[in-house]
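Participant: What follows is start_6.tsv, TSV, C-alpha atoms.
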```tsv
chain	number	residue	atom	x	y	z
T	1	MET	CA	70.12	-159.64	-131.88
T	2	ALA	CA	69.42	-163.13	-130.57
T	3	GLU	CA	71.11	-162.26	-127.29
T	4	ASP	CA	69.02	-159.09	-126.95
T	5	LYS	CA	65.82	-161.01	-127.66
T	6	GLY	CA	66.74	-163.64	-125.08
T	7	LYS	CA	67.53	-160.94	-122.55
T	8	GLU	CA	64.17	-159.27	-123.15
T	9	GLU	CA	62.34	-162.58	-122.66
T	10	VAL	CA	64.15	-163.18	-119.35
T	11	GLU	CA	63.35	-159.66	-118.13
T	12	THR	CA	59.68	-160.10	-119.14
T	13	THR	CA	59.48	-163.39	-117.25
T	14	ILE	CA	61.03	-161.81	-114.13
T	15	SER	CA	58.64	-158.85	-114.38
T	16	GLU	CA	55.62	-161.18	-114.69
T	17	GLU	CA	56.78	-163.18	-111.68
T	18	ARG	CA	57.15	-159.99	-109.63
T	19	ASP	CA	53.67	-158.83	-110.64
T	20	LYS	CA	52.26	-162.21	-109.64
T	21	GLU	CA	54.03	-162.07	-106.26
T	22	GLU	CA	52.77	-158.53	-105.61
T	23	GLU	CA	49.24	-159.57	-106.59
T	24	GLU	CA	49.36	-162.56	-104.24
T	25	LYS	CA	50.77	-160.34	-101.51
T	26	GLY	CA	47.98	-157.83	-102.11
T	27	GLU	CA	45.32	-160.56	-101.86
T	28	LYS	CA	46.89	-161.77	-98.62
T	29	ILE	CA	46.84	-158.27	-97.16
T	30	GLU	CA	43.19	-157.81	-98.16
T	31	GLU	CA	42.36	-160.92	-96.11
T	32	MET	CA	44.09	-159.50	-93.03
T	33	LYS	CA	42.22	-157.63	-90.33
T	34	PRO	CA	42.74	-153.84	-90.11
T	35	TRP	CA	45.38	-153.84	-87.37
T	36	GLU	CA	47.22	-156.79	-88.99
T	37	GLN	CA	47.37	-154.78	-92.21
T	38	HIS	CA	48.96	-151.89	-90.32
T	39	SER	CA	51.61	-154.10	-88.75
T	40	ALA	CA	52.46	-155.58	-92.17
T	41	VAL	CA	52.39	-152.64	-94.60
T	42	ILE	CA	51.05	-149.66	-92.62
T	43	SER	CA	47.86	-149.74	-94.67
T	44	ILE	CA	44.55	-148.22	-93.69
T	45	PRO	CA	41.78	-150.47	-92.36
T	46	ARG	CA	38.54	-151.13	-94.17
T	47	TYR	CA	35.43	-149.29	-93.06
T	48	ASP	CA	33.17	-151.08	-90.61
T	49	TYR	CA	29.87	-150.91	-92.50
T	50	ASN	CA	27.95	-152.27	-89.52
T	51	ALA	CA	29.12	-149.37	-87.36
T	52	SER	CA	26.27	-146.99	-88.20
T	53	SER	CA	23.63	-149.53	-87.20
T	54	SER	CA	25.43	-150.27	-83.95
T	55	LEU	CA	25.73	-146.56	-83.14
T	56	LEU	CA	21.99	-146.17	-83.55
T	57	HIS	CA	21.28	-148.76	-80.86
T	58	ASN	CA	24.24	-148.55	-78.46
T	59	SER	CA	26.50	-145.98	-76.87
T	60	HIS	CA	30.12	-146.28	-77.99
T	61	SER	CA	33.40	-144.73	-76.98
T	62	GLY	CA	36.11	-143.86	-79.48
T	63	PHE	CA	38.14	-141.06	-81.01
T	64	LEU	CA	37.11	-138.27	-83.39
T	65	ILE	CA	40.13	-136.93	-85.26
T	66	THR	CA	40.40	-133.76	-87.32
T	67	CYS	CA	42.82	-133.46	-90.22
T	68	PRO	CA	43.38	-131.39	-93.38
T	69	ILE	CA	40.81	-131.96	-96.11
T	70	LYS	CA	41.86	-134.65	-98.62
T	71	ARG	CA	44.49	-135.95	-96.19
T	72	GLU	CA	42.21	-138.45	-94.47
T	73	LYS	CA	44.18	-141.52	-95.59
T	74	SER	CA	47.49	-140.14	-94.38
T	75	ALA	CA	45.90	-139.05	-91.10
T	76	THR	CA	44.26	-142.47	-90.64
T	77	LYS	CA	47.60	-144.26	-90.99
T	78	GLU	CA	49.20	-141.80	-88.60
T	79	ALA	CA	46.36	-142.10	-86.08
T	80	ILE	CA	46.58	-145.91	-86.11
T	81	GLY	CA	50.29	-145.72	-85.33
T	82	ILE	CA	49.64	-143.40	-82.38
T	83	LEU	CA	46.51	-144.98	-80.92
T	84	GLU	CA	47.73	-148.56	-81.28
T	85	LYS	CA	50.61	-147.93	-78.89
T	86	TYR	CA	48.66	-146.10	-76.20
T	87	ILE	CA	45.53	-148.26	-76.26
T	88	VAL	CA	47.52	-151.45	-75.74
T	89	SER	CA	49.78	-149.93	-73.06
T	90	ASN	CA	46.78	-148.44	-71.24
T	91	HIS	CA	45.01	-151.81	-71.23
T	92	ASP	CA	48.11	-153.70	-70.09
T	93	ALA	CA	48.73	-151.22	-67.25
T	94	LYS	CA	45.17	-151.67	-65.96
T	95	ARG	CA	45.47	-155.43	-66.20
T	96	ARG	CA	48.72	-155.45	-64.19
T	97	LYS	CA	47.03	-153.33	-61.53
T	98	THR	CA	44.13	-155.79	-61.32
T	99	CYS	CA	46.54	-158.69	-60.96
T	100	LEU	CA	48.35	-157.02	-58.07
T	101	GLU	CA	45.14	-156.18	-56.27
T	102	ASP	CA	43.89	-159.76	-56.52
T	103	ALA	CA	46.87	-161.75	-55.28
T	104	ASN	CA	44.75	-164.78	-54.40
T	105	LYS	CA	43.91	-165.42	-58.05
T	106	GLU	CA	46.35	-166.82	-60.55
T	107	CYS	CA	47.41	-164.22	-63.09
T	108	ASN	CA	48.46	-166.08	-66.21
T	109	GLY	CA	50.96	-164.67	-68.69
T	110	SER	CA	52.97	-162.56	-66.24
T	111	GLY	CA	55.84	-160.84	-68.05
T	112	LYS	CA	54.50	-161.78	-71.48
T	113	GLU	CA	51.45	-161.16	-73.62
T	114	SER	CA	48.28	-162.63	-72.18
T	115	SER	CA	45.61	-164.38	-74.19
T	116	THR	CA	43.05	-162.18	-72.43
T	117	SER	CA	44.62	-158.94	-73.67
T	118	MET	CA	42.71	-156.83	-76.16
T	119	GLU	CA	43.75	-157.98	-79.61
T	120	LYS	CA	44.80	-155.20	-81.95
T	121	SER	CA	42.58	-156.56	-84.69
T	122	ASP	CA	39.35	-156.07	-82.76
T	123	ILE	CA	40.02	-152.94	-80.71
T	124	LEU	CA	38.87	-150.21	-83.08
T	125	SER	CA	36.60	-149.90	-86.09
T	126	LEU	CA	37.00	-147.21	-88.72
T	127	VAL	CA	33.61	-145.57	-89.29
T	128	LYS	CA	32.75	-144.07	-92.67
T	129	LEU	CA	31.79	-140.37	-92.52
T	130	THR	CA	30.18	-138.13	-95.11
T	131	ARG	CA	32.46	-135.13	-94.54
T	132	SER	CA	36.12	-134.50	-95.31
T	133	GLY	CA	38.62	-133.54	-92.64
T	134	LEU	CA	37.20	-135.94	-90.04
T	135	ILE	CA	38.07	-139.50	-88.99
T	136	PHE	CA	36.13	-141.54	-86.45
T	137	PHE	CA	37.27	-144.72	-84.72
T	138	LYS	CA	34.90	-146.52	-82.36
T	139	PHE	CA	35.27	-149.31	-79.83
T	140	PRO	CA	32.77	-152.19	-79.59
T	141	PHE	CA	29.95	-151.14	-77.26
T	142	ASP	CA	30.98	-153.79	-74.72
T	143	LYS	CA	34.57	-152.54	-74.61
T	144	SER	CA	35.11	-149.03	-73.28
T	145	PRO	CA	38.74	-148.22	-72.46
T	146	ALA	CA	39.52	-144.97	-70.63
T	147	VAL	CA	39.70	-142.82	-73.76
T	148	VAL	CA	40.40	-139.64	-71.77
T	149	ASP	CA	43.42	-141.28	-70.12
T	150	ILE	CA	44.67	-142.41	-73.52
T	151	VAL	CA	44.49	-138.89	-74.98
T	152	SER	CA	46.10	-137.55	-71.79
T	153	GLN	CA	49.05	-139.91	-72.31
T	154	ILE	CA	49.35	-138.75	-75.92
T	155	PHE	CA	49.47	-135.09	-74.82
T	156	GLN	CA	52.12	-135.89	-72.19
T	157	SER	CA	54.25	-137.84	-74.67
T	158	LEU	CA	54.13	-134.93	-77.12
T	159	GLU	CA	55.16	-132.47	-74.41
T	160	THR	CA	58.10	-134.59	-73.27
T	161	GLY	CA	59.23	-135.42	-76.80
T	162	ILE	CA	58.61	-139.16	-76.44
T	163	LEU	CA	56.10	-138.89	-79.29
T	164	LYS	CA	56.94	-137.00	-82.47
T	165	SER	CA	54.59	-134.22	-83.50
T	166	PRO	CA	51.99	-135.60	-85.93
T	167	LEU	CA	51.96	-134.31	-89.49
T	168	TRP	CA	48.31	-134.92	-90.38
T	169	CYS	CA	46.30	-135.41	-87.18
T	170	ASN	CA	45.37	-131.98	-85.85
T	171	ARG	CA	43.19	-132.91	-82.88
T	172	ILE	CA	42.09	-136.13	-81.19
T	173	LEU	CA	38.85	-135.84	-79.24
T	174	PRO	CA	38.11	-138.72	-76.84
T	175	ILE	CA	34.48	-139.71	-77.38
T	176	GLN	CA	33.17	-141.15	-74.09
T	177	GLY	CA	29.68	-141.94	-75.33
T	178	THR	CA	27.33	-141.61	-78.30
T	179	CYS	CA	23.57	-141.28	-78.67
T	180	CYS	CA	20.84	-140.11	-81.00
T	181	LEU	CA	20.32	-136.37	-80.89
T	182	ASP	CA	17.25	-136.76	-78.74
T	183	GLU	CA	16.60	-134.76	-75.56
T	184	LYS	CA	16.04	-137.80	-73.35
T	185	GLU	CA	19.08	-139.70	-74.68
T	186	LEU	CA	21.34	-136.65	-74.62
T	187	LYS	CA	20.43	-135.87	-71.01
T	188	LYS	CA	20.99	-139.49	-69.98
T	189	ILE	CA	24.53	-139.69	-71.41
T	190	VAL	CA	25.57	-136.22	-70.18
T	191	THR	CA	24.29	-136.99	-66.68
T	192	LYS	CA	26.25	-140.25	-66.59
T	193	LEU	CA	29.49	-138.64	-67.79
T	194	VAL	CA	29.21	-135.66	-65.41
T	195	GLU	CA	28.61	-138.03	-62.49
T	196	GLN	CA	31.75	-139.96	-63.44
T	197	PHE	CA	33.73	-136.71	-63.71
T	198	MET	CA	32.59	-135.49	-60.29
T	199	ASN	CA	33.25	-138.86	-58.64
T	200	ASN	CA	36.85	-138.75	-59.89
T	201	ARG	CA	37.32	-135.17	-58.73
T	202	GLN	CA	37.73	-133.98	-55.17
T	203	LYS	CA	35.32	-131.09	-54.97
T	204	GLU	CA	36.22	-128.41	-52.46
T	205	THR	CA	33.53	-127.86	-49.86
T	206	GLY	CA	31.46	-124.80	-50.61
T	207	SER	CA	33.11	-124.16	-54.01
T	208	THR	CA	31.01	-123.55	-57.10
T	209	VAL	CA	31.73	-125.72	-60.14
T	210	LYS	CA	32.23	-123.70	-63.31
T	211	PHE	CA	31.32	-125.38	-66.59
T	212	ALA	CA	31.04	-124.67	-70.30
T	213	VAL	CA	29.44	-126.43	-73.26
T	214	GLY	CA	30.93	-126.75	-76.74
T	215	TYR	CA	28.79	-127.79	-79.71
T	216	ASN	CA	30.09	-128.65	-83.17
T	217	ARG	CA	27.90	-129.42	-86.19
T	218	ARG	CA	30.75	-129.87	-88.67
T	219	GLY	CA	28.82	-132.48	-90.59
T	220	ILE	CA	25.64	-130.49	-91.12
T	221	GLU	CA	25.49	-127.17	-92.89
T	222	GLU	CA	22.80	-124.56	-92.23
T	223	THR	CA	21.23	-125.13	-95.65
T	224	GLU	CA	20.99	-128.87	-94.99
T	225	MET	CA	19.36	-128.21	-91.63
T	226	LYS	CA	16.65	-126.12	-93.30
T	227	ASN	CA	16.01	-128.82	-95.90
T	228	LEU	CA	15.83	-131.50	-93.21
T	229	ARG	CA	13.29	-129.51	-91.21
T	230	LYS	CA	11.14	-128.94	-94.29
T	231	ALA	CA	11.25	-132.62	-95.25
T	232	SER	CA	10.39	-133.82	-91.75
T	233	SER	CA	6.79	-134.14	-90.62
T	234	ASP	CA	7.91	-133.95	-86.98
T	235	PRO	CA	9.41	-130.52	-86.15
T	236	ASN	CA	10.90	-131.85	-82.90
T	237	ILE	CA	13.18	-134.40	-84.60
T	238	PHE	CA	15.87	-131.84	-85.31
T	239	ALA	CA	15.11	-129.43	-82.49
T	240	LEU	CA	18.47	-130.09	-80.82
T	241	LEU	CA	20.36	-129.10	-83.95
T	242	ASP	CA	19.57	-125.60	-82.74
T	243	ARG	CA	22.62	-124.53	-80.73
T	244	ASN	CA	20.71	-122.74	-77.96
T	245	LYS	CA	18.27	-125.62	-77.47
T	246	CYS	CA	21.14	-128.11	-77.19
T	247	PHE	CA	22.97	-125.87	-74.73
T	248	SER	CA	19.91	-125.62	-72.50
T	249	VAL	CA	19.42	-129.42	-72.38
T	250	VAL	CA	23.09	-130.07	-71.58
T	251	ALA	CA	23.21	-127.30	-68.96
T	252	ALA	CA	20.10	-128.68	-67.26
T	253	ALA	CA	21.73	-132.14	-67.10
T	254	VAL	CA	24.90	-130.68	-65.54
T	255	LYS	CA	22.93	-128.73	-62.95
T	256	GLU	CA	20.93	-131.82	-62.06
T	257	VAL	CA	24.16	-133.55	-61.03
T	258	VAL	CA	25.89	-130.42	-59.65
T	259	PRO	CA	23.18	-128.01	-58.42
T	260	ASP	CA	25.64	-125.25	-57.49
T	261	SER	CA	27.33	-125.21	-60.91
T	262	ILE	CA	27.49	-122.04	-63.05
T	263	VAL	CA	28.40	-121.32	-66.66
T	264	ASP	CA	31.88	-119.87	-67.18
T	265	LEU	CA	33.13	-119.77	-70.77
T	266	LYS	CA	36.54	-118.30	-69.94
T	267	ASP	CA	37.70	-120.49	-67.07
T	268	PRO	CA	35.60	-123.69	-66.91
T	269	GLU	CA	36.57	-126.60	-64.66
T	270	LEU	CA	34.23	-128.98	-66.43
T	271	CYS	CA	33.76	-128.91	-70.21
T	272	VAL	CA	31.01	-130.77	-72.06
T	273	LEU	CA	31.77	-131.21	-75.76
T	274	VAL	CA	28.99	-132.29	-78.13
T	275	GLU	CA	29.96	-133.36	-81.66
T	276	VAL	CA	27.47	-134.18	-84.40
T	277	LEU	CA	28.88	-137.23	-86.20
T	278	PRO	CA	28.22	-137.11	-89.96
T	279	LEU	CA	27.81	-140.87	-90.30
T	280	SER	CA	27.43	-142.56	-93.66
T	281	GLY	CA	24.52	-144.96	-93.95
T	282	VAL	CA	22.28	-143.20	-91.41
T	283	SER	CA	18.83	-141.92	-92.32
T	284	ASP	CA	18.42	-138.19	-92.94
T	285	ARG	CA	15.86	-138.24	-90.16
T	286	THR	CA	18.47	-139.26	-87.59
T	287	ALA	CA	21.47	-137.48	-86.11
T	288	ILE	CA	24.10	-139.12	-83.88
T	289	VAL	CA	26.33	-137.19	-81.50
T	290	GLY	CA	29.54	-137.99	-79.65
T	291	LEU	CA	29.95	-136.66	-76.11
T	292	SER	CA	32.89	-135.87	-73.84
T	293	VAL	CA	33.18	-134.37	-70.35
T	294	LEU	CA	36.71	-133.08	-69.90
T	295	PRO	CA	38.79	-131.05	-67.45
T	296	GLN	CA	40.09	-127.62	-68.43
T	297	ALA	CA	43.59	-128.97	-69.15
T	298	PHE	CA	42.26	-130.74	-72.26
T	299	VAL	CA	40.58	-127.78	-73.93
T	300	SER	CA	41.21	-124.35	-75.34
T	301	THR	CA	38.56	-121.67	-74.91
T	302	LYS	CA	39.60	-119.20	-77.61
T	303	PRO	CA	38.28	-118.51	-80.15
T	304	ARG	CA	35.81	-121.22	-79.13
T	305	LEU	CA	35.64	-124.17	-76.76
T	306	CYS	CA	37.29	-127.25	-78.31
T	307	ILE	CA	39.84	-129.97	-77.63
T	308	LYS	CA	43.43	-128.71	-77.68
T	309	ALA	CA	45.49	-129.14	-80.84
T	310	LEU	CA	48.10	-131.89	-80.80
T	311	VAL	CA	50.74	-129.53	-82.11
T	312	SER	CA	51.14	-126.09	-80.58
T	313	ASP	CA	51.25	-123.18	-83.01
T	314	THR	CA	53.55	-121.20	-80.68
T	315	LYS	CA	56.56	-121.71	-82.95
T	316	ASP	CA	54.65	-120.51	-86.00
T	317	THR	CA	53.49	-117.44	-84.08
T	318	ASN	CA	57.05	-116.62	-82.99
T	319	LYS	CA	58.29	-117.00	-86.56
T	320	LYS	CA	55.67	-114.55	-87.81
T	321	LYS	CA	56.61	-112.04	-85.09
T	322	SER	CA	60.30	-112.30	-85.94
```
Starting from the coordinates I provided, produce the structure as structure tokens.

Facilitator:
Amino acid sequence: MAEDKGKEEVETTISEERDKEEEEKGEKIEEMKPWEQHSAVISIPRYDYNASSSLLHNSHSGFLITCPIKREKSATKEAIGILEKYIVSNHDAKRRKTCLEDANKECNGSGKESSTSMEKSDILSLVKLTRSGLIFFKFPFDKSPAVVDIVSQIFQSLETGILKSPLWCNRILPIQGTCCLDEKELKKIVTKLVEQFMNNRQKETGSTVKFAVGYNRRGIEETEMKNLRKASSDPNIFALLDRNKCFSVVAAAVKEVVPDSIVDLKDPELCVLVEVLPLSGVSDRTAIVGLSVLPQAFVSTKPRLCIKALVSDTKDTNKKKS
């Protein structure tokens, strides 16, 4: 009996020491920055509670990710693992190109990590949303990597098998800019993005540019829209929540940049995607949208215009047929 009692005391002491070590480890992890947490224990980052305020005053780029409802944590971990790799490689590739083009300047850190590289801990912020099935990461407003190129690399890696098919992330939409859902602001951002798109594209002389507009209000239900309109003293505040009104403003901005453009929902060359971002901590009197101008290769048009899924459902369709 004495031996058993002594054994129990030893086991209790060991258990207490383990609990203490795990507690200390947990406190250490809590002190780490989001991307450091991921590298240590593949944990999810904390929300950036200053993000909503920054989005109200500045345009940001980032990524809007869709996932199954109640699987946001799993999808966030998965998204971090994917984005971390391609953001860093995309930045390093651009930096190497700059170094080669400017041979007269000393390029420090050749062949190894440079102190000027984007640190993982400050690249992205996780923004808290009020709706399930959505995840939003944003870059600081003064850092705007080529988000379209990053998503393009992800698509290519999935097609070639370099990247395994994700389990939880359904779609990754590259957000090129954000703004308040205001006619003037919306037109300004769309005009800028369409100009960038056209400058990067060799337009054939005499050809008409076909475009389409996609608009998602996942974060705002019809009943909420009615309540917001009733509560607001200014009927114009939420005018652009109306799908047709938003389409007309975006189309006008596109035509201002490309006068000979026409709407083509089946075979568009240029696709403008507008996403209402259901941000937490934003007044009910304000709506923020994310915007993207993408080539046809990035989107699917049926049953509606949206970013392509990361995983093709071809196999599932074939299984059902067989």

Participant: Rounded to one decimal in Å, what is the spacing between atom CA of Cys169 of chain T and atom CA of Val88 of chain T?

Facilitator: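 Answer for the atom CA of Cys169 of chain T to atom CA of Val88 of chain T separation: 19.7 Å.
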
Participant: If you measure from atom CA of Ile135 of chain T to atom CA of Leu83 of chain T, what distance in Å do you get, rounded to one decimal?

Facilitator: 12.9 Å

Participant: Around all the atoms of segment 151-167 of chain T listed in the file, draw an axis-aligned box and extend it by 4 Å on each of the six sides; I want its centre and edge lengths in Å to one decimal, as AutoDock Vina command-line options.

Facilitator:
```
--center_x 51.9 --center_y -136.2 --center_z -80.6 --size_x 22.7 --size_y 15.4 --size_z 25.7
```

Participant: Interatomic distance between atom CA of Ile154 of chain T and atom CA of Ser312 of chain T?

Facilitator: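 These two atoms are separated by 13.6 Å.
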
Participant: Would you mind listing what lies within 6 Å of Val272 of chain T as a list of chain:residue names, with only C-alpha atoms counted and same-chain residues fewer than 2 positions away left out?

Facilitator: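 The neighbour list is T:Val213, T:Ser292, T:Val293.
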
Participant: Just the residues within 7 Å of Phe211 of chain T, please, counting only C-alpha atoms, with nothing from its chain fewer than 5 positions along; format it as a list of chain:residue names.

Facilitator: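 Using only C-alpha atoms, the neighbours found are T:Ser261, T:Ile262, T:Val263, T:Asp264, T:Pro268, T:Glu269, T:Leu270, T:Cys271.
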
Participant: How close does each residue of segment 115-175 of chain T get to segment 44-59 of chain T, giving the shortest atom pair and distance in Å to one decimal for every residue with an atom at most 6 Å away, counting only C-alpha atoms, sorted by chain and residue number, as JSON lines?

Facilitator:
```
{"residue": "T:Ser125", "atom": "CA", "partner": "T:Asp48", "partner_atom": "CA", "distance": 5.8}
{"residue": "T:Leu126", "atom": "CA", "partner": "T:Tyr47", "partner_atom": "CA", "distance": 5.1}
{"residue": "T:Val127", "atom": "CA", "partner": "T:Tyr47", "partner_atom": "CA", "distance": 5.6}
{"residue": "T:Lys128", "atom": "CA", "partner": "T:Tyr47", "partner_atom": "CA", "distance": 5.9}
```

Participant: Give me the residues near segment 303-306 of chain T as a count of residues only, where near means some atom within 12 Å (using only C-alpha atoms) and where sequence neighbours in that chain fewer than 2 positions away do not count.

Facilitator: 34

Participant: Of the residues T:Met198, T:Val257, T:Val209, T:Ile69, which is the one nearest to Gly133 of chain T, using all atoms listed in the file?

Facilitator: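 Result for the nearest residue to Gly133 of chain T: T:Ile69.
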